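Student: This is the structure I want to talk about, given as structure tokens.
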Amino acid sequence: MAKYTITYSCGHTGEIQLFGKMDERDRKIAWLEREGLCPECYKARKEQEHAEATEKAKQETADLDLPELTGSERQIAWAETIRAKAAKIDIPDFHAELANAYHALTTDAEAKAKIDARLAALPSGEEGVRILMGWHTDQVRKHTDAHWWIEKRGCTGCGITKEMMAEWAK
């Protein structure tokens, strides 16, 4: 274990503690001086990347006229990107989400029959998909709590699609 004073690629100087073989330490120091950012600059870069991602998400969903999210500033910024991904789901992914939601919710025969009836009543082809996507967007608009979106971050539209189908099954 040893401490080294290095000058990061951003120009700031800092002290780091390294372990391991000398050649590994030398390689790490060389990389930090060539490409590494000091902790403050790294944090600032990440904050900028998050701000850009949030702004991009807002622009991508501007045509959907989504309501403002509620929560802390950080939650809202994170949730905007998650909601944009769910709102702008593409048709192949949406079909997969429908199938997953359908299989998750159709263990009850009565619920399955209600969902089947709702799906059977849809027009076929593009018109039916357009109607389903509209229902999906309505579900996206319904959730304004940033925490809800963060909890659903692991899937694209599955939380939305499952919720939509659960309403159909009632």
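Chain identifiers are assigned as A, B, and so on, following the order in which chains appear in the structure tokens; residues are numbered from 1 within each chain, and ligands are numbered from 1 in order of appearance.
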What lies within 9 Å of A:Glu60 using only C-alpha atoms, ignoring chain neighbours under 5 positions off, as a ChimeraX atom specification?
Tutor: /A:55,84,88
Student: Which residues of stretch 17-93 of chain A come within 12 Å of stretch 120-137 of chain A, and what is each one's closest atom pair and distance in Å (one decimal), counting only C-alpha atoms, sorted by chain and residue number, as a tab-separated table?
Tutor:
residue	atom	partner	partner_atom	distance
A:Thr61	CA	A:Thr137	CA	10.5
A:Asp63	CA	A:Thr137	CA	11.3
A:Leu64	CA	A:Thr137	CA	7.8
A:Asp65	CA	A:Thr137	CA	10.1
A:Leu66	CA	A:Thr137	CA	9.0
A:Pro67	CA	A:Thr137	CA	11.7
A:Arg83	CA	A:Thr137	CA	10.4
A:Ala84	CA	A:Thr137	CA	10.6
A:Lys85	CA	A:Thr137	CA	11.6
A:Ala86	CA	A:Thr137	CA	8.9
A:Ala87	CA	A:Thr137	CA	6.2
A:Lys88	CA	A:Thr137	CA	8.8
A:Ile89	CA	A:Met133	CA	8.9
A:Asp90	CA	A:Met133	CA	9.4
A:Ile91	CA	A:Val129	CA	7.9
A:Pro92	CA	A:Val129	CA	10.6
A:Asp93	CA	A:Met133	CA	11.5
Student: Leaving out stretch 32-37 of chain A and any residue of its chain fewer than 5 positions from it, which residues lie within 9 Å of it when counting only C-alpha atoms, given as a CSV table (one decimal) with N, CA and C atoms, in the first residue's frame?
Tutor:
chain,number,residue,atom,x,y,z
A,6,ILE,N,-0.8,12.6,-7.7
A,6,ILE,CA,-0.8,12.6,-9.2
A,6,ILE,C,-1.5,13.9,-9.7
A,7,THR,N,-1.3,14.2,-11.0
A,7,THR,CA,-2.0,15.2,-11.6
A,7,THR,C,-2.9,14.5,-12.6
A,8,TYR,N,-4.2,14.6,-12.4
A,8,TYR,CA,-5.2,14.0,-13.3
A,8,TYR,C,-5.2,14.7,-14.7
A,9,SER,N,-5.9,14.1,-15.6
A,9,SER,CA,-5.9,14.6,-16.9
A,9,SER,C,-6.7,16.0,-17.0
A,10,CYS,N,-7.5,16.2,-16.0
A,10,CYS,CA,-8.2,17.5,-15.9
A,10,CYS,C,-7.4,18.6,-15.4
A,11,GLY,N,-6.2,18.3,-14.9
A,11,GLY,CA,-5.2,19.3,-14.4
A,11,GLY,C,-5.2,19.4,-12.9
A,12,HIS,N,-6.2,18.8,-12.2
A,12,HIS,CA,-6.2,18.9,-10.8
A,12,HIS,C,-5.2,17.9,-10.2
A,27,ARG,N,0.9,1.5,-14.0
A,27,ARG,CA,-0.1,1.5,-15.1
A,27,ARG,C,-1.3,2.4,-14.7
A,42,TYR,N,-15.1,14.4,-12.1
A,42,TYR,CA,-15.9,13.2,-12.4
A,42,TYR,C,-17.3,13.4,-12.0
Student: Show which residues sit within 12 Å of A:Ala77, as a PyMOL selection string. Count only C-alpha atoms, and ignore same-chain residues fewer than 3 positions away.
Tutor: chain A and resi 47-58+68-74+80-84+145-147+149-150
Student: What residues in chain A get the DSSP label alpha helix (DSSP H)? Please answer as an mmCIF file with N, CA and C atoms, in the first residue's frame.
Tutor:
data_model
loop_
_atom_site.group_PDB
_atom_site.id
_atom_site.type_symbol
_atom_site.label_atom_id
_atom_site.label_comp_id
_atom_site.auth_asym_id
_atom_site.auth_seq_id
_atom_site.Cartn_x
_atom_site.Cartn_y
_atom_site.Cartn_z
ATOM 1 N N MET A 22 3.948 -3.198 -8.389
ATOM 2 C CA MET A 22 4.429 -1.887 -8.839
ATOM 3 C C MET A 22 4.046 -1.605 -10.287
ATOM 4 N N ASP A 23 4.133 -2.614 -11.162
ATOM 5 C CA ASP A 23 3.791 -2.346 -12.562
ATOM 6 C C ASP A 23 2.302 -2.019 -12.714
ATOM 7 N N GLU A 24 1.462 -2.625 -11.888
ATOM 8 C CA GLU A 24 0.024 -2.309 -11.911
ATOM 9 C C GLU A 24 -0.220 -0.897 -11.383
ATOM 10 N N ARG A 25 0.502 -0.536 -10.335
ATOM 11 C CA ARG A 25 0.390 0.816 -9.790
ATOM 12 C C ARG A 25 0.815 1.850 -10.826
ATOM 13 N N ASP A 26 1.957 1.579 -11.469
ATOM 14 C CA ASP A 26 2.462 2.509 -12.489
ATOM 15 C C ASP A 26 1.476 2.649 -13.644
ATOM 16 N N ARG A 27 0.866 1.539 -14.031
ATOM 17 C CA ARG A 27 -0.118 1.550 -15.119
ATOM 18 C C ARG A 27 -1.348 2.386 -14.726
ATOM 19 N N LYS A 28 -1.789 2.230 -13.487
ATOM 20 C CA LYS A 28 -2.944 2.985 -12.982
ATOM 21 C C LYS A 28 -2.633 4.479 -12.918
ATOM 22 N N ILE A 29 -1.466 4.822 -12.427
ATOM 23 C CA ILE A 29 -1.062 6.227 -12.349
ATOM 24 C C ILE A 29 -0.993 6.830 -13.750
ATOM 25 N N ALA A 30 -0.383 6.122 -14.677
ATOM 26 C CA ALA A 30 -0.276 6.624 -16.053
ATOM 27 C C ALA A 30 -1.658 6.834 -16.657
ATOM 28 N N TRP A 31 -2.565 5.907 -16.414
ATOM 29 C CA TRP A 31 -3.931 6.044 -16.959
ATOM 30 C C TRP A 31 -4.640 7.251 -16.346
ATOM 31 N N LEU A 32 -4.549 7.409 -15.026
ATOM 32 C CA LEU A 32 -5.199 8.543 -14.358
ATOM 33 C C LEU A 32 -4.657 9.867 -14.871
ATOM 34 N N GLU A 33 -3.358 9.930 -15.098
ATOM 35 C CA GLU A 33 -2.762 11.172 -15.585
ATOM 36 C C GLU A 33 -3.115 11.423 -17.051
ATOM 37 N N ARG A 34 -3.344 10.371 -17.801
ATOM 38 C CA ARG A 34 -3.663 10.490 -19.226
ATOM 39 C C ARG A 34 -5.167 10.677 -19.467
ATOM 40 N N PRO A 39 -11.955 13.438 -8.539
ATOM 41 C CA PRO A 39 -13.310 13.142 -8.063
ATOM 42 C C PRO A 39 -14.311 14.278 -8.317
ATOM 43 N N GLU A 40 -13.891 15.526 -8.159
ATOM 44 C CA GLU A 40 -14.807 16.653 -8.369
ATOM 45 C C GLU A 40 -15.208 16.780 -9.840
ATOM 46 N N CYS A 41 -14.237 16.668 -10.731
ATOM 47 C CA CYS A 41 -14.538 16.765 -12.166
ATOM 48 C C CYS A 41 -15.367 15.573 -12.638
ATOM 49 N N TYR A 42 -15.097 14.398 -12.088
ATOM 50 C CA TYR A 42 -15.880 13.217 -12.431
ATOM 51 C C TYR A 42 -17.337 13.412 -12.013
ATOM 52 N N LYS A 43 -17.541 13.926 -10.809
ATOM 53 C CA LYS A 43 -18.891 14.177 -10.323
ATOM 54 C C LYS A 43 -19.594 15.217 -11.204
ATOM 55 N N ALA A 44 -18.878 16.280 -11.548
ATOM 56 C CA ALA A 44 -19.465 17.323 -12.406
ATOM 57 C C ALA A 44 -19.828 16.757 -13.778
ATOM 58 N N ARG A 45 -18.979 15.889 -14.330
ATOM 59 C CA ARG A 45 -19.270 15.286 -15.638
ATOM 60 C C ARG A 45 -20.526 14.416 -15.545
ATOM 61 N N LYS A 46 -20.621 13.613 -14.496
ATOM 62 C CA LYS A 46 -21.791 12.747 -14.324
ATOM 63 C C LYS A 46 -23.064 13.568 -14.171
ATOM 64 N N GLU A 47 -22.996 14.653 -13.401
ATOM 65 C CA GLU A 47 -24.164 15.516 -13.238
ATOM 66 C C GLU A 47 -24.583 16.116 -14.576
ATOM 67 N N GLN A 48 -23.608 16.518 -15.387
ATOM 68 C CA GLN A 48 -23.897 17.063 -16.714
ATOM 69 C C GLN A 48 -24.531 16.000 -17.609
ATOM 70 N N GLU A 49 -24.004 14.783 -17.575
ATOM 71 C CA GLU A 49 -24.572 13.691 -18.369
ATOM 72 C C GLU A 49 -26.013 13.403 -17.956
ATOM 73 N N HIS A 50 -26.283 13.409 -16.650
ATOM 74 C CA HIS A 50 -27.641 13.170 -16.162
ATOM 75 C C HIS A 50 -28.581 14.290 -16.601
ATOM 76 N N ALA A 51 -28.093 15.530 -16.524
ATOM 77 C CA ALA A 51 -28.915 16.668 -16.942
ATOM 78 C C ALA A 51 -29.238 16.583 -18.432
ATOM 79 N N GLU A 52 -28.260 16.196 -19.234
ATOM 80 C CA GLU A 52 -28.481 16.053 -20.677
ATOM 81 C C GLU A 52 -29.461 14.918 -20.973
ATOM 82 N N ALA A 53 -29.334 13.810 -20.251
ATOM 83 C CA ALA A 53 -30.252 12.687 -20.449
ATOM 84 C C ALA A 53 -31.678 13.068 -20.067
ATOM 85 N N THR A 54 -31.822 13.821 -18.996
ATOM 86 C CA THR A 54 -33.145 14.273 -18.569
ATOM 87 C C THR A 54 -33.751 15.199 -19.601
ATOM 88 N N GLU A 55 -32.960 16.131 -20.110
ATOM 89 C CA GLU A 55 -33.459 17.064 -21.126
ATOM 90 C C GLU A 55 -33.840 16.321 -22.409
ATOM 91 N N LYS A 56 -33.023 15.367 -22.799
ATOM 92 C CA LYS A 56 -33.328 14.567 -23.988
ATOM 93 C C LYS A 56 -34.634 13.805 -23.796
ATOM 94 N N ALA A 57 -34.823 13.225 -22.614
ATOM 95 C CA ALA A 57 -36.059 12.486 -22.317
ATOM 96 C C ALA A 57 -37.271 13.402 -22.409
ATOM 97 N N LYS A 58 -37.143 14.610 -21.880
ATOM 98 C CA LYS A 58 -38.255 15.564 -21.949
ATOM 99 C C LYS A 58 -38.571 15.930 -23.392
ATOM 100 N N GLN A 59 -37.543 16.116 -24.208
ATOM 101 C CA GLN A 59 -37.756 16.452 -25.614
ATOM 102 C C GLN A 59 -38.415 15.293 -26.367
ATOM 103 N N GLU A 60 -37.987 14.066 -26.063
ATOM 104 C CA GLU A 60 -38.542 12.895 -26.741
ATOM 105 C C GLU A 60 -40.022 12.686 -26.438
ATOM 106 N N GLU A 73 -35.771 16.595 -6.558
ATOM 107 C CA GLU A 73 -35.188 17.000 -7.840
ATOM 108 C C GLU A 73 -34.432 15.838 -8.498
ATOM 109 N N ARG A 74 -33.675 15.106 -7.715
ATOM 110 C CA ARG A 74 -32.913 13.976 -8.253
ATOM 111 C C ARG A 74 -33.829 12.844 -8.711
ATOM 112 N N GLN A 75 -34.882 12.572 -7.926
ATOM 113 C CA GLN A 75 -35.835 11.531 -8.320
ATOM 114 C C GLN A 75 -36.504 11.897 -9.636
ATOM 115 N N ILE A 76 -36.920 13.140 -9.743
ATOM 116 C CA ILE A 76 -37.616 13.584 -10.959
ATOM 117 C C ILE A 76 -36.699 13.457 -12.165
ATOM 118 N N ALA A 77 -35.451 13.882 -12.027
ATOM 119 C CA ALA A 77 -34.506 13.793 -13.147
ATOM 120 C C ALA A 77 -34.326 12.348 -13.593
ATOM 121 N N TRP A 78 -34.183 11.444 -12.650
ATOM 122 C CA TRP A 78 -33.994 10.028 -12.969
ATOM 123 C C TRP A 78 -35.271 9.454 -13.570
ATOM 124 N N ALA A 79 -36.393 9.756 -12.949
ATOM 125 C CA ALA A 79 -37.674 9.211 -13.404
ATOM 126 C C ALA A 79 -38.048 9.699 -14.799
ATOM 127 N N GLU A 80 -37.647 10.908 -15.172
ATOM 128 C CA GLU A 80 -37.937 11.419 -16.519
ATOM 129 C C GLU A 80 -37.357 10.491 -17.581
ATOM 130 N N THR A 81 -36.138 10.013 -17.370
ATOM 131 C CA THR A 81 -35.510 9.135 -18.363
ATOM 132 C C THR A 81 -36.187 7.767 -18.393
ATOM 133 N N ILE A 82 -36.591 7.283 -17.237
ATOM 134 C CA ILE A 82 -37.279 5.984 -17.170
ATOM 135 C C ILE A 82 -38.643 6.087 -17.843
ATOM 136 N N ARG A 83 -39.380 7.155 -17.534
ATOM 137 C CA ARG A 83 -40.710 7.343 -18.112
ATOM 138 C C ARG A 83 -40.625 7.516 -19.630
ATOM 139 N N ALA A 84 -39.629 8.224 -20.106
ATOM 140 C CA ALA A 84 -39.477 8.417 -21.547
ATOM 141 C C ALA A 84 -39.264 7.077 -22.252
ATOM 142 N N LYS A 85 -38.471 6.219 -21.646
ATOM 143 C CA LYS A 85 -38.227 4.893 -22.226
ATOM 144 C C LYS A 85 -39.516 4.077 -22.281
ATOM 145 N N ALA A 86 -40.302 4.139 -21.214
ATOM 146 C CA ALA A 86 -41.572 3.411 -21.180
ATOM 147 C C ALA A 86 -42.575 4.012 -22.146
ATOM 148 N N ALA A 87 -42.597 5.322 -22.264
ATOM 149 C CA ALA A 87 -43.572 5.993 -23.123
ATOM 150 C C ALA A 87 -43.267 5.779 -24.601
ATOM 151 N N ILE A 91 -42.901 -0.966 -31.208
ATOM 152 C CA ILE A 91 -43.958 -1.965 -31.390
ATOM 153 C C ILE A 91 -43.493 -3.389 -31.082
ATOM 154 N N PRO A 92 -42.329 -3.853 -31.556
ATOM 155 C CA PRO A 92 -41.919 -5.223 -31.173
ATOM 156 C C PRO A 92 -41.776 -5.398 -29.661
ATOM 157 N N ASP A 93 -41.176 -4.402 -28.997
ATOM 158 C CA ASP A 93 -41.048 -4.479 -27.538
ATOM 159 C C ASP A 93 -42.416 -4.445 -26.873
ATOM 160 N N PHE A 94 -43.318 -3.641 -27.432
ATOM 161 C CA PHE A 94 -44.657 -3.532 -26.863
ATOM 162 C C PHE A 94 -45.388 -4.872 -26.972
ATOM 163 N N HIS A 95 -45.251 -5.539 -28.116
ATOM 164 C CA HIS A 95 -45.870 -6.867 -28.264
ATOM 165 C C HIS A 95 -45.310 -7.843 -27.230
ATOM 166 N N ALA A 96 -44.010 -7.796 -27.003
ATOM 167 C CA ALA A 96 -43.390 -8.669 -26.002
ATOM 168 C C ALA A 96 -43.911 -8.331 -24.607
ATOM 169 N N GLU A 97 -44.037 -7.045 -24.308
ATOM 170 C CA GLU A 97 -44.560 -6.624 -23.008
ATOM 171 C C GLU A 97 -46.007 -7.084 -22.821
ATOM 172 N N LEU A 98 -46.796 -6.974 -23.879
ATOM 173 C CA LEU A 98 -48.179 -7.447 -23.801
ATOM 174 C C LEU A 98 -48.223 -8.937 -23.480
ATOM 175 N N ALA A 99 -47.399 -9.700 -24.171
ATOM 176 C CA ALA A 99 -47.371 -11.144 -23.935
ATOM 177 C C ALA A 99 -46.939 -11.460 -22.506
ATOM 178 N N ASN A 100 -45.899 -10.773 -22.027
ATOM 179 C CA ASN A 100 -45.429 -10.999 -20.653
ATOM 180 C C ASN A 100 -46.499 -10.640 -19.635
ATOM 181 N N ALA A 101 -47.135 -9.495 -19.829
ATOM 182 C CA ALA A 101 -48.185 -9.065 -18.905
ATOM 183 C C ALA A 101 -49.362 -10.031 -18.954
ATOM 184 N N TYR A 102 -49.709 -10.462 -20.142
ATOM 185 C CA TYR A 102 -50.825 -11.388 -20.319
ATOM 186 C C TYR A 102 -50.565 -12.676 -19.556
ATOM 187 N N HIS A 103 -49.382 -13.239 -19.736
ATOM 188 C CA HIS A 103 -49.052 -14.502 -19.058
ATOM 189 C C HIS A 103 -48.951 -14.326 -17.540
ATOM 190 N N ALA A 104 -48.515 -13.163 -17.104
ATOM 191 C CA ALA A 104 -48.403 -12.920 -15.663
ATOM 192 C C ALA A 104 -49.766 -12.776 -15.000
ATOM 193 N N LEU A 105 -50.751 -12.303 -15.751
ATOM 194 C CA LEU A 105 -52.050 -11.984 -15.159
ATOM 195 C C LEU A 105 -53.157 -12.981 -15.478
ATOM 196 N N ALA A 109 -58.839 -17.757 -14.396
ATOM 197 C CA ALA A 109 -59.642 -17.979 -15.608
ATOM 198 C C ALA A 109 -60.588 -16.819 -15.892
ATOM 199 N N GLU A 110 -61.173 -16.247 -14.858
ATOM 200 C CA GLU A 110 -62.104 -15.129 -15.067
ATOM 201 C C GLU A 110 -61.364 -13.895 -15.599
ATOM 202 N N ALA A 111 -60.200 -13.617 -15.021
ATOM 203 C CA ALA A 111 -59.399 -12.483 -15.484
ATOM 204 C C ALA A 111 -58.942 -12.712 -16.917
ATOM 205 N N LYS A 112 -58.529 -13.942 -17.221
ATOM 206 C CA LYS A 112 -58.096 -14.278 -18.577
ATOM 207 C C LYS A 112 -59.221 -14.034 -19.571
ATOM 208 N N ALA A 113 -60.419 -14.439 -19.219
ATOM 209 C CA ALA A 113 -61.562 -14.254 -20.121
ATOM 210 C C ALA A 113 -61.835 -12.767 -20.372
ATOM 211 N N LYS A 114 -61.727 -11.945 -19.340
ATOM 212 C CA LYS A 114 -61.955 -10.505 -19.507
ATOM 213 C C LYS A 114 -60.879 -9.871 -20.384
ATOM 214 N N ILE A 115 -59.631 -10.253 -20.145
ATOM 215 C CA ILE A 115 -58.538 -9.713 -20.956
ATOM 216 C C ILE A 115 -58.683 -10.180 -22.397
ATOM 217 N N ASP A 116 -58.993 -11.471 -22.591
ATOM 218 C CA ASP A 116 -59.186 -12.000 -23.938
ATOM 219 C C ASP A 116 -60.302 -11.257 -24.670
ATOM 220 N N ALA A 117 -61.391 -10.981 -23.966
ATOM 221 C CA ALA A 117 -62.513 -10.272 -24.589
ATOM 222 C C ALA A 117 -62.089 -8.861 -24.986
ATOM 223 N N ARG A 118 -61.333 -8.204 -24.141
ATOM 224 C CA ARG A 118 -60.878 -6.840 -24.449
ATOM 225 C C ARG A 118 -59.957 -6.846 -25.660
ATOM 226 N N LEU A 119 -59.043 -7.808 -25.721
ATOM 227 C CA LEU A 119 -58.133 -7.896 -26.865
ATOM 228 C C LEU A 119 -58.871 -8.297 -28.143
ATOM 229 N N ALA A 120 -59.836 -9.191 -28.030
ATOM 230 C CA ALA A 120 -60.593 -9.643 -29.201
ATOM 231 C C ALA A 120 -61.443 -8.521 -29.786
ATOM 232 N N GLY A 125 -54.560 -5.500 -37.019
ATOM 233 C CA GLY A 125 -53.551 -4.724 -37.726
ATOM 234 C C GLY A 125 -53.120 -3.462 -37.006
ATOM 235 N N GLU A 126 -52.717 -2.492 -37.816
ATOM 236 C CA GLU A 126 -52.162 -1.250 -37.286
ATOM 237 C C GLU A 126 -53.145 -0.481 -36.415
ATOM 238 N N GLU A 127 -54.413 -0.518 -36.753
ATOM 239 C CA GLU A 127 -55.418 0.212 -35.979
ATOM 240 C C GLU A 127 -55.484 -0.327 -34.548
ATOM 241 N N GLY A 128 -55.471 -1.640 -34.397
ATOM 242 C CA GLY A 128 -55.489 -2.243 -33.066
ATOM 243 C C GLY A 128 -54.252 -1.892 -32.261
ATOM 244 N N VAL A 129 -53.093 -1.919 -32.914
ATOM 245 C CA VAL A 129 -51.845 -1.559 -32.238
ATOM 246 C C VAL A 129 -51.882 -0.094 -31.827
ATOM 247 N N ARG A 130 -52.405 0.771 -32.688
ATOM 248 C CA ARG A 130 -52.500 2.197 -32.373
ATOM 249 C C ARG A 130 -53.380 2.421 -31.133
ATOM 250 N N ILE A 131 -54.492 1.690 -31.054
ATOM 251 C CA ILE A 131 -55.379 1.808 -29.894
ATOM 252 C C ILE A 131 -54.670 1.324 -28.630
ATOM 253 N N LEU A 132 -53.997 0.190 -28.718
ATOM 254 C CA LEU A 132 -53.255 -0.331 -27.557
ATOM 255 C C LEU A 132 -52.170 0.649 -27.113
ATOM 256 N N MET A 133 -51.454 1.196 -28.062
ATOM 257 C CA MET A 133 -50.400 2.156 -27.726
ATOM 258 C C MET A 133 -51.017 3.402 -27.072
ATOM 259 N N GLY A 134 -52.189 3.798 -27.521
ATOM 260 C CA GLY A 134 -52.881 4.930 -26.897
ATOM 261 C C GLY A 134 -53.245 4.625 -25.458
ATOM 262 N N TRP A 135 -53.738 3.428 -25.198
ATOM 263 C CA TRP A 135 -54.045 3.018 -23.817
ATOM 264 C C TRP A 135 -52.780 3.010 -22.977
ATOM 265 N N HIS A 136 -51.715 2.527 -23.579
ATOM 266 C CA HIS A 136 -50.428 2.490 -22.886
ATOM 267 C C HIS A 136 -50.008 3.917 -22.509
ATOM 268 N N THR A 137 -50.118 4.847 -23.436
ATOM 269 C CA THR A 137 -49.751 6.241 -23.164
ATOM 270 C C THR A 137 -50.636 6.834 -22.078
ATOM 271 N N ASP A 138 -51.907 6.482 -22.068
ATOM 272 C CA ASP A 138 -52.799 6.948 -21.000
ATOM 273 C C ASP A 138 -52.306 6.465 -19.641
ATOM 274 N N GLN A 139 -51.831 5.227 -19.584
ATOM 275 C CA GLN A 139 -51.286 4.692 -18.337
ATOM 276 C C GLN A 139 -50.015 5.440 -17.938
ATOM 277 N N VAL A 140 -49.189 5.786 -18.926
ATOM 278 C CA VAL A 140 -47.965 6.541 -18.642
ATOM 279 C C VAL A 140 -48.324 7.892 -18.037
ATOM 280 N N ARG A 141 -49.338 8.547 -18.570
ATOM 281 C CA ARG A 141 -49.762 9.855 -18.061
ATOM 282 C C ARG A 141 -50.282 9.778 -16.621
ATOM 283 N N LYS A 142 -50.829 8.636 -16.273
ATOM 284 C CA LYS A 142 -51.473 8.465 -14.975
ATOM 285 C C LYS A 142 -50.494 8.541 -13.807
ATOM 286 N N ALA A 146 -42.477 10.245 -9.105
ATOM 287 C CA ALA A 146 -41.158 9.828 -9.586
ATOM 288 C C ALA A 146 -40.725 8.514 -8.942
ATOM 289 N N HIS A 147 -41.062 8.322 -7.689
ATOM 290 C CA HIS A 147 -40.705 7.082 -6.990
ATOM 291 C C HIS A 147 -41.296 5.870 -7.706
ATOM 292 N N TRP A 148 -42.532 5.970 -8.181
ATOM 293 C CA TRP A 148 -43.171 4.852 -8.882
ATOM 294 C C TRP A 148 -42.341 4.464 -10.105
ATOM 295 N N TRP A 149 -41.903 5.456 -10.855
ATOM 296 C CA TRP A 149 -41.107 5.176 -12.055
ATOM 297 C C TRP A 149 -39.768 4.553 -11.711
ATOM 298 N N ILE A 150 -39.150 5.022 -10.653
ATOM 299 C CA ILE A 150 -37.859 4.472 -10.251
ATOM 300 C C ILE A 150 -38.022 3.014 -9.836
ATOM 301 N N GLU A 151 -39.103 2.705 -9.144
ATOM 302 C CA GLU A 151 -39.367 1.317 -8.754
ATOM 303 C C GLU A 151 -39.595 0.418 -9.968
ATOM 304 N N CYS A 158 -43.334 -2.900 -18.760
ATOM 305 C CA CYS A 158 -44.067 -3.998 -18.123
ATOM 306 C C CYS A 158 -44.941 -3.546 -16.965
ATOM 307 N N GLY A 159 -44.468 -2.606 -16.164
ATOM 308 C CA GLY A 159 -45.304 -2.125 -15.069
ATOM 309 C C GLY A 159 -46.559 -1.470 -15.594
ATOM 310 N N ILE A 160 -46.394 -0.693 -16.632
ATOM 311 C CA ILE A 160 -47.523 -0.010 -17.263
ATOM 312 C C ILE A 160 -48.464 -1.024 -17.898
ATOM 313 N N THR A 161 -47.920 -1.930 -18.671
ATOM 314 C CA THR A 161 -48.746 -2.901 -19.402
ATOM 315 C C THR A 161 -49.460 -3.836 -18.445
ATOM 316 N N LYS A 162 -48.788 -4.282 -17.417
ATOM 317 C CA LYS A 162 -49.435 -5.152 -16.428
ATOM 318 C C LYS A 162 -50.563 -4.415 -15.719
ATOM 319 N N GLU A 163 -50.315 -3.164 -15.393
ATOM 320 C CA GLU A 163 -51.348 -2.376 -14.729
ATOM 321 C C GLU A 163 -52.574 -2.191 -15.648
ATOM 322 N N MET A 164 -52.310 -1.931 -16.916
ATOM 323 C CA MET A 164 -53.381 -1.754 -17.890
ATOM 324 C C MET A 164 -54.219 -3.036 -17.977
ATOM 325 N N MET A 165 -53.551 -4.160 -18.077
ATOM 326 C CA MET A 165 -54.275 -5.435 -18.178
ATOM 327 C C MET A 165 -54.980 -5.801 -16.864
ATOM 328 N N ALA A 166 -54.378 -5.433 -15.750
ATOM 329 C CA ALA A 166 -55.031 -5.706 -14.457
ATOM 330 C C ALA A 166 -56.352 -4.933 -14.374
ATOM 331 N N GLU A 167 -56.364 -3.718 -14.898
ATOM 332 C CA GLU A 167 -57.619 -2.957 -14.932
ATOM 333 C C GLU A 167 -58.646 -3.652 -15.825
ATOM 334 N N TRP A 168 -58.183 -4.203 -16.931
ATOM 335 C CA TRP A 168 -59.098 -4.920 -17.834
ATOM 336 C C TRP A 168 -59.693 -6.137 -17.159
ATOM 337 N N ALA A 169 -58.898 -6.771 -16.292
ATOM 338 C CA ALA A 169 -59.340 -8.019 -15.655
ATOM 339 C C ALA A 169 -60.361 -7.787 -14.557
#
Student: Based on the backbone DSSP call, show me all residues of chain A assigned strand (DSSP E), as a VMD selection string.
Tutor: chain A and resid 2 to 7 13 to 18
Student: Keeping only N, CA and C atoms, write the selected residues as a short mmCIF file (atom, residue, chain, number, x, y, z; two decimals), in the first residue's frame.
Tutor:
data_model
loop_
_atom_site.label_atom_id
_atom_site.label_comp_id
_atom_site.auth_asym_id
_atom_site.auth_seq_id
_atom_site.Cartn_x
_atom_site.Cartn_y
_atom_site.Cartn_z
N ALA A 2 0.52 2.16 -0.87
CA ALA A 2 1.30 3.40 -0.92
C ALA A 2 0.40 4.53 -1.39
N LYS A 3 0.75 5.74 -0.99
CA LYS A 3 0.02 6.92 -1.42
C LYS A 3 0.86 7.64 -2.46
N TYR A 4 0.16 8.13 -3.50
CA TYR A 4 0.82 8.82 -4.59
C TYR A 4 0.11 10.14 -4.84
N THR A 5 0.87 11.16 -5.15
CA THR A 5 0.31 12.43 -5.58
C THR A 5 0.39 12.45 -7.09
N ILE A 6 -0.78 12.64 -7.72
CA ILE A 6 -0.81 12.62 -9.18
C ILE A 6 -1.54 13.87 -9.69
N THR A 7 -1.28 14.17 -10.96
CA THR A 7 -2.02 15.23 -11.64
C THR A 7 -2.92 14.53 -12.64
N THR A 13 -4.72 18.18 -9.01
CA THR A 13 -3.79 17.29 -8.32
C THR A 13 -4.52 16.66 -7.15
N GLY A 14 -4.18 15.40 -6.90
CA GLY A 14 -4.80 14.71 -5.78
C GLY A 14 -3.92 13.57 -5.30
N GLU A 15 -4.28 13.08 -4.14
CA GLU A 15 -3.54 11.97 -3.56
C GLU A 15 -4.41 10.72 -3.64
N ILE A 16 -3.80 9.64 -4.11
CA ILE A 16 -4.52 8.37 -4.20
C ILE A 16 -3.73 7.30 -3.46
N GLN A 17 -4.43 6.28 -3.06
CA GLN A 17 -3.81 5.16 -2.37
C GLN A 17 -3.94 3.95 -3.28
N LEU A 18 -2.84 3.30 -3.60
CA LEU A 18 -2.84 2.14 -4.49
C LEU A 18 -2.24 0.92 -3.81
#
